[in-house]
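Asker: As input, take protein-v1.pdb (PDB, N, CA and C atoms):
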```
ATOM      1  N   PRO A   1     -14.093 -16.682  -3.960
ATOM      2  CA  PRO A   1     -12.811 -16.429  -4.562
ATOM      3  C   PRO A   1     -11.804 -15.808  -3.605
ATOM      4  N   GLY A   2     -12.247 -15.114  -2.559
ATOM      5  CA  GLY A   2     -11.315 -14.519  -1.609
ATOM      6  C   GLY A   2     -10.763 -13.200  -2.101
ATOM      7  N   CYS A   3      -9.908 -12.608  -1.304
ATOM      8  CA  CYS A   3      -9.361 -11.292  -1.611
ATOM      9  C   CYS A   3      -8.260 -11.330  -2.655
ATOM     10  N   SER A   4      -7.621 -12.466  -2.837
ATOM     11  CA  SER A   4      -6.471 -12.510  -3.739
ATOM     12  C   SER A   4      -6.834 -12.192  -5.171
ATOM     13  N   SER A   5      -8.095 -12.371  -5.559
ATOM     14  CA  SER A   5      -8.495 -12.058  -6.928
ATOM     15  C   SER A   5      -8.445 -10.571  -7.210
ATOM     16  N   ILE A   6      -8.397  -9.727  -6.189
ATOM     17  CA  ILE A   6      -8.346  -8.294  -6.417
ATOM     18  C   ILE A   6      -6.917  -7.769  -6.502
ATOM     19  N   ALA A   7      -5.934  -8.615  -6.288
ATOM     20  CA  ALA A   7      -4.549  -8.152  -6.286
ATOM     21  C   ALA A   7      -4.182  -7.453  -7.588
ATOM     22  N   LYS A   8      -4.749  -7.877  -8.701
ATOM     23  CA  LYS A   8      -4.415  -7.260  -9.980
ATOM     24  C   LYS A   8      -4.935  -5.832 -10.084
ATOM     25  N   MET A   9      -5.844  -5.441  -9.196
ATOM     26  CA  MET A   9      -6.392  -4.094  -9.203
ATOM     27  C   MET A   9      -5.541  -3.122  -8.393
ATOM     28  N   VAL A  10      -4.628  -3.634  -7.621
ATOM     29  CA  VAL A  10      -3.724  -2.801  -6.832
ATOM     30  C   VAL A  10      -2.544  -2.443  -7.726
ATOM     31  N   GLY A  11      -2.272  -1.143  -7.875
ATOM     32  CA  GLY A  11      -1.201  -0.705  -8.756
ATOM     33  C   GLY A  11       0.188  -1.049  -8.243
ATOM     34  N   PHE A  12       0.374  -0.990  -6.936
ATOM     35  CA  PHE A  12       1.681  -1.238  -6.334
ATOM     36  C   PHE A  12       1.451  -1.532  -4.859
ATOM     37  N   ALA A  13       2.176  -2.467  -4.307
ATOM     38  CA  ALA A  13       2.068  -2.781  -2.880
ATOM     39  C   ALA A  13       3.456  -2.973  -2.312
ATOM     40  N   MET A  14       3.605  -2.610  -1.038
ATOM     41  CA  MET A  14       4.888  -2.812  -0.382
ATOM     42  C   MET A  14       4.688  -2.989   1.110
ATOM     43  N   SER A  15       5.668  -3.594   1.734
ATOM     44  CA  SER A  15       5.680  -3.701   3.191
ATOM     45  C   SER A  15       6.995  -3.109   3.684
ATOM     46  N   THR A  16       6.905  -2.449   4.825
ATOM     47  CA  THR A  16       8.084  -1.801   5.402
ATOM     48  C   THR A  16       8.093  -2.047   6.905
ATOM     49  N   ARG A  17       9.251  -1.863   7.492
ATOM     50  CA  ARG A  17       9.348  -1.904   8.951
ATOM     51  C   ARG A  17       8.702  -0.628   9.474
ATOM     52  N   LEU A  18       7.889  -0.741  10.497
ATOM     53  CA  LEU A  18       7.168   0.409  11.033
ATOM     54  C   LEU A  18       8.116   1.464  11.584
ATOM     55  N   SER A  19       9.171   1.034  12.245
ATOM     56  CA  SER A  19      10.141   1.994  12.774
ATOM     57  C   SER A  19      11.221   2.234  11.721
ATOM     58  N   GLY A  20      11.213   3.388  11.134
ATOM     59  CA  GLY A  20      12.248   3.768  10.173
ATOM     60  C   GLY A  20      11.885   3.576   8.720
ATOM     61  N   GLY A  21      10.861   2.788   8.426
ATOM     62  CA  GLY A  21      10.418   2.634   7.041
ATOM     63  C   GLY A  21      11.295   1.762   6.161
ATOM     64  N   LEU A  22      12.121   0.924   6.752
ATOM     65  CA  LEU A  22      12.981   0.037   5.956
ATOM     66  C   LEU A  22      12.123  -0.874   5.082
ATOM     67  N   PRO A  23      12.315  -0.858   3.750
ATOM     68  CA  PRO A  23      11.519  -1.722   2.864
ATOM     69  C   PRO A  23      11.807  -3.197   3.127
ATOM     70  N   LEU A  24      10.747  -3.996   3.229
ATOM     71  CA  LEU A  24      10.878  -5.430   3.440
ATOM     72  C   LEU A  24      10.512  -6.201   2.177
ATOM     73  N   SER A  25       9.512  -5.722   1.456
ATOM     74  CA  SER A  25       9.117  -6.350   0.191
ATOM     75  C   SER A  25       8.277  -5.364  -0.609
ATOM     76  N   ALA A  26       8.175  -5.625  -1.913
ATOM     77  CA  ALA A  26       7.361  -4.775  -2.794
ATOM     78  C   ALA A  26       6.915  -5.599  -3.988
ATOM     79  N   SER A  27       5.813  -5.176  -4.584
ATOM     80  CA  SER A  27       5.348  -5.861  -5.780
ATOM     81  C   SER A  27       6.261  -5.504  -6.946
ATOM     82  N   THR A  28       6.221  -6.321  -7.968
ATOM     83  CA  THR A  28       7.016  -6.067  -9.162
ATOM     84  C   THR A  28       6.562  -4.769  -9.790
ATOM     85  N   ASP A  29       7.495  -3.960 -10.185
ATOM     86  CA  ASP A  29       7.190  -2.645 -10.743
ATOM     87  C   ASP A  29       6.934  -2.755 -12.242
ATOM     88  N   LEU A  30       5.773  -3.304 -12.603
ATOM     89  CA  LEU A  30       5.430  -3.454 -14.017
ATOM     90  C   LEU A  30       4.870  -2.166 -14.605
ATOM     91  N   ASP A  31       4.370  -1.297 -13.742
ATOM     92  CA  ASP A  31       3.753  -0.056 -14.192
ATOM     93  C   ASP A  31       4.722   1.091 -13.928
ATOM     94  N   ALA A  32       5.612   1.332 -14.847
ATOM     95  CA  ALA A  32       6.636   2.373 -14.666
ATOM     96  C   ALA A  32       6.220   3.678 -15.320
ATOM     97  N   HIS A  33       4.920   3.927 -15.423
ATOM     98  CA  HIS A  33       4.426   5.156 -16.029
ATOM     99  C   HIS A  33       4.741   6.353 -15.147
ATOM    100  N   ALA A  34       4.925   7.499 -15.773
ATOM    101  CA  ALA A  34       5.190   8.725 -15.035
ATOM    102  C   ALA A  34       4.021   9.059 -14.109
ATOM    103  N   ARG A  35       2.827   8.628 -14.482
ATOM    104  CA  ARG A  35       1.629   8.907 -13.694
ATOM    105  C   ARG A  35       1.711   8.292 -12.299
ATOM    106  N   THR A  36       2.313   7.124 -12.180
ATOM    107  CA  THR A  36       2.417   6.483 -10.874
ATOM    108  C   THR A  36       3.753   6.735 -10.188
ATOM    109  N   ALA A  37       4.737   7.165 -10.936
ATOM    110  CA  ALA A  37       6.080   7.344 -10.376
ATOM    111  C   ALA A  37       6.082   8.324  -9.204
ATOM    112  N   GLU A  38       5.389   9.430  -9.341
ATOM    113  CA  GLU A  38       5.371  10.434  -8.272
ATOM    114  C   GLU A  38       4.662   9.893  -7.033
ATOM    115  N   SER A  39       3.592   9.149  -7.233
ATOM    116  CA  SER A  39       2.872   8.569  -6.097
ATOM    117  C   SER A  39       3.712   7.515  -5.385
ATOM    118  N   LYS A  40       4.513   6.770  -6.133
ATOM    119  CA  LYS A  40       5.396   5.775  -5.512
ATOM    120  C   LYS A  40       6.462   6.459  -4.671
ATOM    121  N   LYS A  41       6.983   7.582  -5.169
ATOM    122  CA  LYS A  41       7.957   8.350  -4.374
ATOM    123  C   LYS A  41       7.303   8.834  -3.085
ATOM    124  N   HIS A  42       6.075   9.316  -3.216
ATOM    125  CA  HIS A  42       5.331   9.784  -2.042
ATOM    126  C   HIS A  42       5.141   8.636  -1.053
ATOM    127  N   GLY A  43       4.823   7.448  -1.549
ATOM    128  CA  GLY A  43       4.631   6.282  -0.692
ATOM    129  C   GLY A  43       5.891   5.887   0.044
ATOM    130  N   LYS A  44       7.016   5.963  -0.627
ATOM    131  CA  LYS A  44       8.285   5.621   0.026
ATOM    132  C   LYS A  44       8.614   6.620   1.127
ATOM    133  N   ALA A  45       8.289   7.900   0.903
ATOM    134  CA  ALA A  45       8.485   8.905   1.952
ATOM    135  C   ALA A  45       7.483   8.687   3.084
ATOM    136  N   LEU A  46       6.257   8.338   2.733
ATOM    137  CA  LEU A  46       5.220   8.068   3.719
ATOM    138  C   LEU A  46       5.598   6.879   4.610
ATOM    139  N   ALA A  47       6.230   5.888   4.032
ATOM    140  CA  ALA A  47       6.627   4.695   4.783
ATOM    141  C   ALA A  47       7.555   5.039   5.945
ATOM    142  N   LYS A  48       8.302   6.098   5.821
ATOM    143  CA  LYS A  48       9.219   6.509   6.892
ATOM    144  C   LYS A  48       8.489   7.204   8.032
ATOM    145  N   ARG A  49       7.208   7.573   7.792
ATOM    146  CA  ARG A  49       6.440   8.293   8.814
ATOM    147  C   ARG A  49       5.223   7.512   9.300
ATOM    148  N   THR A  50       5.109   6.244   8.975
ATOM    149  CA  THR A  50       3.914   5.482   9.315
ATOM    150  C   THR A  50       3.765   5.203  10.804
ATOM    151  N   HIS A  51       4.832   5.305  11.570
ATOM    152  CA  HIS A  51       4.743   5.017  13.006
ATOM    153  C   HIS A  51       3.761   5.950  13.713
ATOM    154  N   GLY A  52       3.464   7.114  13.149
ATOM    155  CA  GLY A  52       2.534   8.065  13.765
ATOM    156  C   GLY A  52       1.125   7.992  13.214
ATOM    157  N   LEU A  53       0.865   7.067  12.294
ATOM    158  CA  LEU A  53      -0.457   6.953  11.671
ATOM    159  C   LEU A  53      -1.328   5.936  12.405
ATOM    160  N   PRO A  54      -2.653   6.033  12.223
ATOM    161  CA  PRO A  54      -3.529   4.985  12.769
ATOM    162  C   PRO A  54      -3.208   3.626  12.143
ATOM    163  N   ASP A  55      -3.659   2.553  12.767
ATOM    164  CA  ASP A  55      -3.380   1.205  12.262
ATOM    165  C   ASP A  55      -3.972   0.967  10.872
ATOM    166  N   ARG A  56      -5.056   1.653  10.539
ATOM    167  CA  ARG A  56      -5.682   1.576   9.217
ATOM    168  C   ARG A  56      -5.991   2.991   8.776
ATOM    169  N   CYS A  57      -5.497   3.367   7.612
ATOM    170  CA  CYS A  57      -5.809   4.701   7.109
ATOM    171  C   CYS A  57      -5.594   4.753   5.596
ATOM    172  N   SER A  58      -6.077   5.826   5.004
ATOM    173  CA  SER A  58      -5.894   6.074   3.582
ATOM    174  C   SER A  58      -5.388   7.499   3.425
ATOM    175  N   MET A  59      -4.463   7.684   2.485
ATOM    176  CA  MET A  59      -3.883   9.005   2.251
ATOM    177  C   MET A  59      -3.852   9.303   0.765
ATOM    178  N   ASP A  60      -4.325  10.493   0.415
ATOM    179  CA  ASP A  60      -4.363  10.927  -0.974
ATOM    180  C   ASP A  60      -2.958  11.149  -1.509
ATOM    181  N   SER A  61      -2.754  10.762  -2.770
ATOM    182  CA  SER A  61      -1.463  10.960  -3.427
ATOM    183  C   SER A  61      -1.710  11.306  -4.898
ATOM    184  N   GLY A  62      -2.259  12.483  -5.127
ATOM    185  CA  GLY A  62      -2.538  12.914  -6.504
ATOM    186  C   GLY A  62      -3.657  12.111  -7.127
ATOM    187  N   ASP A  63      -3.367  11.427  -8.228
ATOM    188  CA  ASP A  63      -4.372  10.613  -8.927
ATOM    189  C   ASP A  63      -4.662   9.304  -8.207
ATOM    190  N   PHE A  64      -3.923   8.998  -7.169
ATOM    191  CA  PHE A  64      -4.019   7.713  -6.487
ATOM    192  C   PHE A  64      -4.220   7.898  -4.989
ATOM    193  N   VAL A  65      -4.460   6.779  -4.301
ATOM    194  CA  VAL A  65      -4.616   6.763  -2.849
ATOM    195  C   VAL A  65      -3.728   5.662  -2.289
ATOM    196  N   TRP A  66      -3.004   5.983  -1.216
ATOM    197  CA  TRP A  66      -2.258   4.970  -0.472
ATOM    198  C   TRP A  66      -3.150   4.480   0.649
ATOM    199  N   HIS A  67      -3.349   3.170   0.733
ATOM    200  CA  HIS A  67      -4.075   2.551   1.844
ATOM    201  C   HIS A  67      -3.033   1.843   2.694
ATOM    202  N   VAL A  68      -3.144   2.006   4.014
ATOM    203  CA  VAL A  68      -2.105   1.539   4.933
ATOM    204  C   VAL A  68      -2.710   0.702   6.049
ATOM    205  N   VAL A  69      -2.078  -0.429   6.339
ATOM    206  CA  VAL A  69      -2.421  -1.267   7.492
ATOM    207  C   VAL A  69      -1.118  -1.542   8.232
ATOM    208  N   SER A  70      -1.109  -1.268   9.541
ATOM    209  CA  SER A  70       0.075  -1.514  10.372
ATOM    210  C   SER A  70      -0.246  -2.574  11.411
ATOM    211  N   SER A  71       0.701  -3.486  11.600
ATOM    212  CA  SER A  71       0.496  -4.557  12.569
ATOM    213  C   SER A  71       1.829  -5.155  12.969
ATOM    214  N   MET A  72       2.034  -5.355  14.260
ATOM    215  CA  MET A  72       3.214  -6.040  14.804
ATOM    216  C   MET A  72       4.536  -5.516  14.230
ATOM    217  N   GLY A  73       4.664  -4.205  14.131
ATOM    218  CA  GLY A  73       5.912  -3.604  13.697
ATOM    219  C   GLY A  73       6.128  -3.559  12.194
ATOM    220  N   VAL A  74       5.118  -3.972  11.409
ATOM    221  CA  VAL A  74       5.235  -3.965   9.949
ATOM    222  C   VAL A  74       4.082  -3.145   9.370
ATOM    223  N   CYS A  75       4.382  -2.382   8.341
ATOM    224  CA  CYS A  75       3.396  -1.563   7.651
ATOM    225  C   CYS A  75       3.178  -2.130   6.251
ATOM    226  N   PHE A  76       1.924  -2.333   5.873
ATOM    227  CA  PHE A  76       1.568  -2.844   4.550
ATOM    228  C   PHE A  76       0.837  -1.732   3.814
ATOM    229  N   MET A  77       1.303  -1.419   2.604
ATOM    230  CA  MET A  77       0.762  -0.284   1.859
ATOM    231  C   MET A  77       0.384  -0.706   0.444
ATOM    232  N   ALA A  78      -0.715  -0.131  -0.054
ATOM    233  CA  ALA A  78      -1.161  -0.417  -1.416
ATOM    234  C   ALA A  78      -1.558   0.880  -2.101
ATOM    235  N   LEU A  79      -1.128   1.033  -3.341
ATOM    236  CA  LEU A  79      -1.433   2.204  -4.154
ATOM    237  C   LEU A  79      -2.546   1.836  -5.130
ATOM    238  N   CYS A  80      -3.648   2.586  -5.094
ATOM    239  CA  CYS A  80      -4.808   2.303  -5.947
ATOM    240  C   CYS A  80      -5.386   3.604  -6.487
ATOM    241  N   GLU A  81      -6.203   3.476  -7.523
ATOM    242  CA  GLU A  81      -6.936   4.633  -8.028
ATOM    243  C   GLU A  81      -8.039   4.980  -7.026
ATOM    244  N   HIS A  82      -8.465   6.245  -7.056
ATOM    245  CA  HIS A  82      -9.509   6.709  -6.133
ATOM    246  C   HIS A  82     -10.799   5.912  -6.272
ATOM    247  N   SER A  83     -11.095   5.444  -7.458
ATOM    248  CA  SER A  83     -12.363   4.752  -7.701
ATOM    249  C   SER A  83     -12.395   3.333  -7.143
ATOM    250  N   TYR A  84     -11.259   2.791  -6.757
ATOM    251  CA  TYR A  84     -11.223   1.413  -6.268
ATOM    252  C   TYR A  84     -11.734   1.365  -4.829
ATOM    253  N   PRO A  85     -12.651   0.463  -4.502
ATOM    254  CA  PRO A  85     -13.265   0.420  -3.162
ATOM    255  C   PRO A  85     -12.250   0.148  -2.050
ATOM    256  N   PRO A  86     -12.178   1.033  -1.068
ATOM    257  CA  PRO A  86     -11.239   0.845   0.048
ATOM    258  C   PRO A  86     -11.432  -0.478   0.784
ATOM    259  N   ALA A  87     -12.659  -0.949   0.908
ATOM    260  CA  ALA A  87     -12.903  -2.214   1.613
ATOM    261  C   ALA A  87     -12.152  -3.364   0.940
ATOM    262  N   LEU A  88     -12.091  -3.374  -0.382
ATOM    263  CA  LEU A  88     -11.373  -4.425  -1.096
ATOM    264  C   LEU A  88      -9.865  -4.297  -0.909
ATOM    265  N   VAL A  89      -9.381  -3.077  -0.886
ATOM    266  CA  VAL A  89      -7.943  -2.862  -0.688
ATOM    267  C   VAL A  89      -7.544  -3.311   0.709
ATOM    268  N   PHE A  90      -8.344  -2.963   1.719
ATOM    269  CA  PHE A  90      -8.018  -3.373   3.082
ATOM    270  C   PHE A  90      -8.111  -4.897   3.235
ATOM    271  N   CYS A  91      -9.011  -5.524   2.499
ATOM    272  CA  CYS A  91      -9.090  -6.993   2.490
ATOM    273  C   CYS A  91      -7.788  -7.571   1.928
ATOM    274  N   PHE A  92      -7.313  -6.990   0.834
ATOM    275  CA  PHE A  92      -6.049  -7.406   0.218
ATOM    276  C   PHE A  92      -4.888  -7.227   1.189
ATOM    277  N   LEU A  93      -4.820  -6.057   1.847
ATOM    278  CA  LEU A  93      -3.731  -5.788   2.795
ATOM    279  C   LEU A  93      -3.793  -6.724   3.999
ATOM    280  N   ASP A  94      -4.993  -7.036   4.461
ATOM    281  CA  ASP A  94      -5.121  -7.990   5.565
ATOM    282  C   ASP A  94      -4.614  -9.371   5.154
ATOM    283  N   GLU A  95      -4.884  -9.756   3.919
ATOM    284  CA  GLU A  95      -4.392 -11.047   3.429
ATOM    285  C   GLU A  95      -2.860 -11.045   3.358
ATOM    286  N   LEU A  96      -2.283  -9.943   2.890
ATOM    287  CA  LEU A  96      -0.826  -9.816   2.886
ATOM    288  C   LEU A  96      -0.268  -9.937   4.298
ATOM    289  N   ARG A  97      -0.901  -9.259   5.214
ATOM    290  CA  ARG A  97      -0.453  -9.269   6.614
ATOM    291  C   ARG A  97      -0.471 -10.686   7.172
ATOM    292  N   HIS A  98      -1.521 -11.433   6.892
ATOM    293  CA  HIS A  98      -1.619 -12.798   7.405
ATOM    294  C   HIS A  98      -0.581 -13.723   6.753
ATOM    295  N   GLU A  99      -0.274 -13.493   5.494
ATOM    296  CA  GLU A  99       0.712 -14.319   4.793
ATOM    297  C   GLU A  99       2.142 -13.960   5.167
ATOM    298  N   PHE A 100       2.345 -12.734   5.603
ATOM    299  CA  PHE A 100       3.689 -12.262   5.913
ATOM    300  C   PHE A 100       4.165 -12.923   7.181
TER     301      PHE A 100
END
```
So that I can check it, write out the structure of this file as structure tokens.
Answerer:
Amino acid sequence: PGCSSIAKMVGFAMSTRLSGGLPLSASTDLDAHARTAESKKHGKALAKRTHGLPDRCSMDSGDFVWHVVSSMGVCFMALCEHSYPPALVFCFLDELRHEF
């Protein structure tokens, strides 16, 4: 089935320019719950600082985790619950990177 079948398990995903954090694309914001709103704000602030992070990393954001993959000047980020396996999220982000 590939990694794309797990996309529905990712709460929110976005890509930004590595230098400066300029948003390039984002998933549709269907989950506008207050529970994720604060983590999304944190992710947008994090996107402005990704140039100093490793190429692959995960960062805690309250009830959620931001997983980050950086490549060729673009940063791909996904917001997931702590219980979701990081290997699957990184597979999803790698697929986004290849399609981008």
Asker: Tell me, as a ChimeraX atom specification, which residues lie within 6 Å of Leu24 of chain A, counting only N, CA and C atoms; anything in the same chain fewer than 4 positions away does not count.
Answerer: /A:15-17
Asker: Decode the PyMOL selection byres (((chain A and resi 56 and name CA) around 8) and name CA) for the given file into explicit residues and return them as a VMD selection string.
Answerer: chain A and resid 53 to 55 57 to 58 67 to 70
Asker: With N, CA and C atoms kept, could you save the residues just selected as a PDB file, keeping the file's coordinate frame?
Answerer:
```pdb
ATOM      1  N   LEU A  53       0.865   7.067  12.294  1.00  0.00           N
ATOM      2  CA  LEU A  53      -0.457   6.953  11.671  1.00  0.00           C
ATOM      3  C   LEU A  53      -1.328   5.936  12.405  1.00  0.00           C
ATOM      4  N   PRO A  54      -2.653   6.033  12.223  1.00  0.00           N
ATOM      5  CA  PRO A  54      -3.529   4.985  12.769  1.00  0.00           C
ATOM      6  C   PRO A  54      -3.208   3.626  12.143  1.00  0.00           C
ATOM      7  N   ASP A  55      -3.659   2.553  12.767  1.00  0.00           N
ATOM      8  CA  ASP A  55      -3.380   1.205  12.262  1.00  0.00           C
ATOM      9  C   ASP A  55      -3.972   0.967  10.872  1.00  0.00           C
ATOM     10  N   CYS A  57      -5.497   3.367   7.612  1.00  0.00           N
ATOM     11  CA  CYS A  57      -5.809   4.701   7.109  1.00  0.00           C
ATOM     12  C   CYS A  57      -5.594   4.753   5.596  1.00  0.00           C
ATOM     13  N   SER A  58      -6.077   5.826   5.004  1.00  0.00           N
ATOM     14  CA  SER A  58      -5.894   6.074   3.582  1.00  0.00           C
ATOM     15  C   SER A  58      -5.388   7.499   3.425  1.00  0.00           C
ATOM     16  N   HIS A  67      -3.349   3.170   0.733  1.00  0.00           N
ATOM     17  CA  HIS A  67      -4.075   2.551   1.844  1.00  0.00           C
ATOM     18  C   HIS A  67      -3.033   1.843   2.694  1.00  0.00           C
ATOM     19  N   VAL A  68      -3.144   2.006   4.014  1.00  0.00           N
ATOM     20  CA  VAL A  68      -2.105   1.539   4.933  1.00  0.00           C
ATOM     21  C   VAL A  68      -2.710   0.702   6.049  1.00  0.00           C
ATOM     22  N   VAL A  69      -2.078  -0.429   6.339  1.00  0.00           N
ATOM     23  CA  VAL A  69      -2.421  -1.267   7.492  1.00  0.00           C
ATOM     24  C   VAL A  69      -1.118  -1.542   8.232  1.00  0.00           C
ATOM     25  N   SER A  70      -1.109  -1.268   9.541  1.00  0.00           N
ATOM     26  CA  SER A  70       0.075  -1.514  10.372  1.00  0.00           C
ATOM     27  C   SER A  70      -0.246  -2.574  11.411  1.00  0.00           C
TER      28      SER A  70
END
```
Asker: Counting all atoms listed in the file, which of A:Ala47, A:Val65, A:Cys80, A:Leu96 gets nearest to Leu18 of chain A?
Answerer: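 Smallest separation from Leu18 of chain A among the options: A:Ala47.
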Asker: Among chain A, which residues carry a DSSP assignment of helix (DSSP H, G or I), reported as a ChimeraX atom specification?
Answerer: /A:3-9,34-47,50-52,86-99
Asker: Distance atom CA of Gly20 of chain A-atom CA of Ser71 of chain A, one decimal place?
Answerer: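 Interatomic distance, atom CA of Gly20 of chain A to atom CA of Ser71 of chain A: 14.6 Å.
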Asker: Find the distance between atom N of Ser61 of chain A and atom C of Asp94 of chain A and write it in Å to one decimal.
Answerer: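 Here the two named atoms are 21.7 Å from each other.
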Asker: Segment 82-86 of chain A: which residues within 6 Å, counting only N, CA and C atoms, same-chain residues fewer than 5 positions away excluded, as a PyMOL selection string?
Answerer: chain A and resi 63-65+91
Asker: I need the residues from that last selection saved to file as an mmCIF file, keeping the file's coordinate frame (with N, CA and C atoms), if you can.
Answerer:
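Output file part_13.cif follows:
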```
data_model
loop_
_atom_site.group_PDB
_atom_site.id
_atom_site.type_symbol
_atom_site.label_atom_id
_atom_site.label_comp_id
_atom_site.auth_asym_id
_atom_site.auth_seq_id
_atom_site.Cartn_x
_atom_site.Cartn_y
_atom_site.Cartn_z
ATOM 1 N N ASP A 63 -3.367 11.427 -8.228
ATOM 2 C CA ASP A 63 -4.372 10.613 -8.927
ATOM 3 C C ASP A 63 -4.662 9.304 -8.207
ATOM 4 N N PHE A 64 -3.923 8.998 -7.169
ATOM 5 C CA PHE A 64 -4.019 7.713 -6.487
ATOM 6 C C PHE A 64 -4.220 7.898 -4.989
ATOM 7 N N VAL A 65 -4.460 6.779 -4.301
ATOM 8 C CA VAL A 65 -4.616 6.763 -2.849
ATOM 9 C C VAL A 65 -3.728 5.662 -2.289
ATOM 10 N N CYS A 91 -9.011 -5.524 2.499
ATOM 11 C CA CYS A 91 -9.090 -6.993 2.490
ATOM 12 C C CYS A 91 -7.788 -7.571 1.928
#
```
Asker: Among chain A, which ones does DSSP assign to strand (DSSP E) (computed from the backbone)? Answer as a PyMOL selection string.
Answerer: chain A and resi 12-17+23-26+56-61+64-71+74-81
Asker: Could those residues be written to a file, using N, CA and C atoms, as a compact mmCIF listing (two decimals), in the frame of the given file?
Answerer:
```txt
# COMPACT_ATOMS: atom_id res chain seq x y z
N PHE A 12 0.37 -0.99 -6.94
CA PHE A 12 1.68 -1.24 -6.33
C PHE A 12 1.45 -1.53 -4.86
N ALA A 13 2.18 -2.47 -4.31
CA ALA A 13 2.07 -2.78 -2.88
C ALA A 13 3.46 -2.97 -2.31
N MET A 14 3.60 -2.61 -1.04
CA MET A 14 4.89 -2.81 -0.38
C MET A 14 4.69 -2.99 1.11
N SER A 15 5.67 -3.59 1.73
CA SER A 15 5.68 -3.70 3.19
C SER A 15 7.00 -3.11 3.68
N THR A 16 6.90 -2.45 4.82
CA THR A 16 8.08 -1.80 5.40
C THR A 16 8.09 -2.05 6.90
N ARG A 17 9.25 -1.86 7.49
CA ARG A 17 9.35 -1.90 8.95
C ARG A 17 8.70 -0.63 9.47
N PRO A 23 12.32 -0.86 3.75
CA PRO A 23 11.52 -1.72 2.86
C PRO A 23 11.81 -3.20 3.13
N LEU A 24 10.75 -4.00 3.23
CA LEU A 24 10.88 -5.43 3.44
C LEU A 24 10.51 -6.20 2.18
N SER A 25 9.51 -5.72 1.46
CA SER A 25 9.12 -6.35 0.19
C SER A 25 8.28 -5.36 -0.61
N ALA A 26 8.18 -5.62 -1.91
CA ALA A 26 7.36 -4.78 -2.79
C ALA A 26 6.92 -5.60 -3.99
N ARG A 56 -5.06 1.65 10.54
CA ARG A 56 -5.68 1.58 9.22
C ARG A 56 -5.99 2.99 8.78
N CYS A 57 -5.50 3.37 7.61
CA CYS A 57 -5.81 4.70 7.11
C CYS A 57 -5.59 4.75 5.60
N SER A 58 -6.08 5.83 5.00
CA SER A 58 -5.89 6.07 3.58
C SER A 58 -5.39 7.50 3.42
N MET A 59 -4.46 7.68 2.48
CA MET A 59 -3.88 9.01 2.25
C MET A 59 -3.85 9.30 0.76
N ASP A 60 -4.32 10.49 0.42
CA ASP A 60 -4.36 10.93 -0.97
C ASP A 60 -2.96 11.15 -1.51
N SER A 61 -2.75 10.76 -2.77
CA SER A 61 -1.46 10.96 -3.43
C SER A 61 -1.71 11.31 -4.90
N PHE A 64 -3.92 9.00 -7.17
CA PHE A 64 -4.02 7.71 -6.49
C PHE A 64 -4.22 7.90 -4.99
N VAL A 65 -4.46 6.78 -4.30
CA VAL A 65 -4.62 6.76 -2.85
C VAL A 65 -3.73 5.66 -2.29
N TRP A 66 -3.00 5.98 -1.22
CA TRP A 66 -2.26 4.97 -0.47
C TRP A 66 -3.15 4.48 0.65
N HIS A 67 -3.35 3.17 0.73
CA HIS A 67 -4.08 2.55 1.84
C HIS A 67 -3.03 1.84 2.69
N VAL A 68 -3.14 2.01 4.01
CA VAL A 68 -2.10 1.54 4.93
C VAL A 68 -2.71 0.70 6.05
N VAL A 69 -2.08 -0.43 6.34
CA VAL A 69 -2.42 -1.27 7.49
C VAL A 69 -1.12 -1.54 8.23
N SER A 70 -1.11 -1.27 9.54
CA SER A 70 0.08 -1.51 10.37
C SER A 70 -0.25 -2.57 11.41
N SER A 71 0.70 -3.49 11.60
CA SER A 71 0.50 -4.56 12.57
C SER A 71 1.83 -5.16 12.97
N VAL A 74 5.12 -3.97 11.41
CA VAL A 74 5.24 -3.96 9.95
C VAL A 74 4.08 -3.14 9.37
N CYS A 75 4.38 -2.38 8.34
CA CYS A 75 3.40 -1.56 7.65
C CYS A 75 3.18 -2.13 6.25
N PHE A 76 1.92 -2.33 5.87
CA PHE A 76 1.57 -2.84 4.55
C PHE A 76 0.84 -1.73 3.81
N MET A 77 1.30 -1.42 2.60
CA MET A 77 0.76 -0.28 1.86
C MET A 77 0.38 -0.71 0.44
N ALA A 78 -0.72 -0.13 -0.05
CA ALA A 78 -1.16 -0.42 -1.42
C ALA A 78 -1.56 0.88 -2.10
N LEU A 79 -1.13 1.03 -3.34
CA LEU A 79 -1.43 2.20 -4.15
C LEU A 79 -2.55 1.84 -5.13
N CYS A 80 -3.65 2.59 -5.09
CA CYS A 80 -4.81 2.30 -5.95
C CYS A 80 -5.39 3.60 -6.49
N GLU A 81 -6.20 3.48 -7.52
CA GLU A 81 -6.94 4.63 -8.03
C GLU A 81 -8.04 4.98 -7.03
```
Asker: Atom N of Lys48 of chain A to atom CA of Cys75 of chain A: how many Å, to one decimal?
Answerer: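 Computed distance, atom N of Lys48 of chain A to atom CA of Cys75 of chain A, equals 9.3 Å.
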Asker: Between A:Leu79, A:Val74, A:Ala37, A:Val10, which is the closest to Arg97 of chain A once you count only C-alpha atoms?
Answerer: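 So, comparing all the options, the nearest one is A:Val74.
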Asker: Would you list the contacts of Ser27 of chain A as number ranges by chain, taking every protein, DNA or RNA residue within 10 Å and counting only C-alpha atoms, but skipping same-chain residues closer than 2 positions in sequence?
Answerer: A: 10-15, 25, 29-30, 78
Asker: Take every atom of segment 52-62 of chain A listed in the file, fit an axis-aligned box around them, add 4 Å per side, and give the centre and edge lengths in Å to one decimal as AutoDock Vina command-line options.
Answerer:
```
--center_x -1.3 --center_y 6.9 --center_z 3.3 --size_x 17.5 --size_y 19.9 --size_z 28.9
```
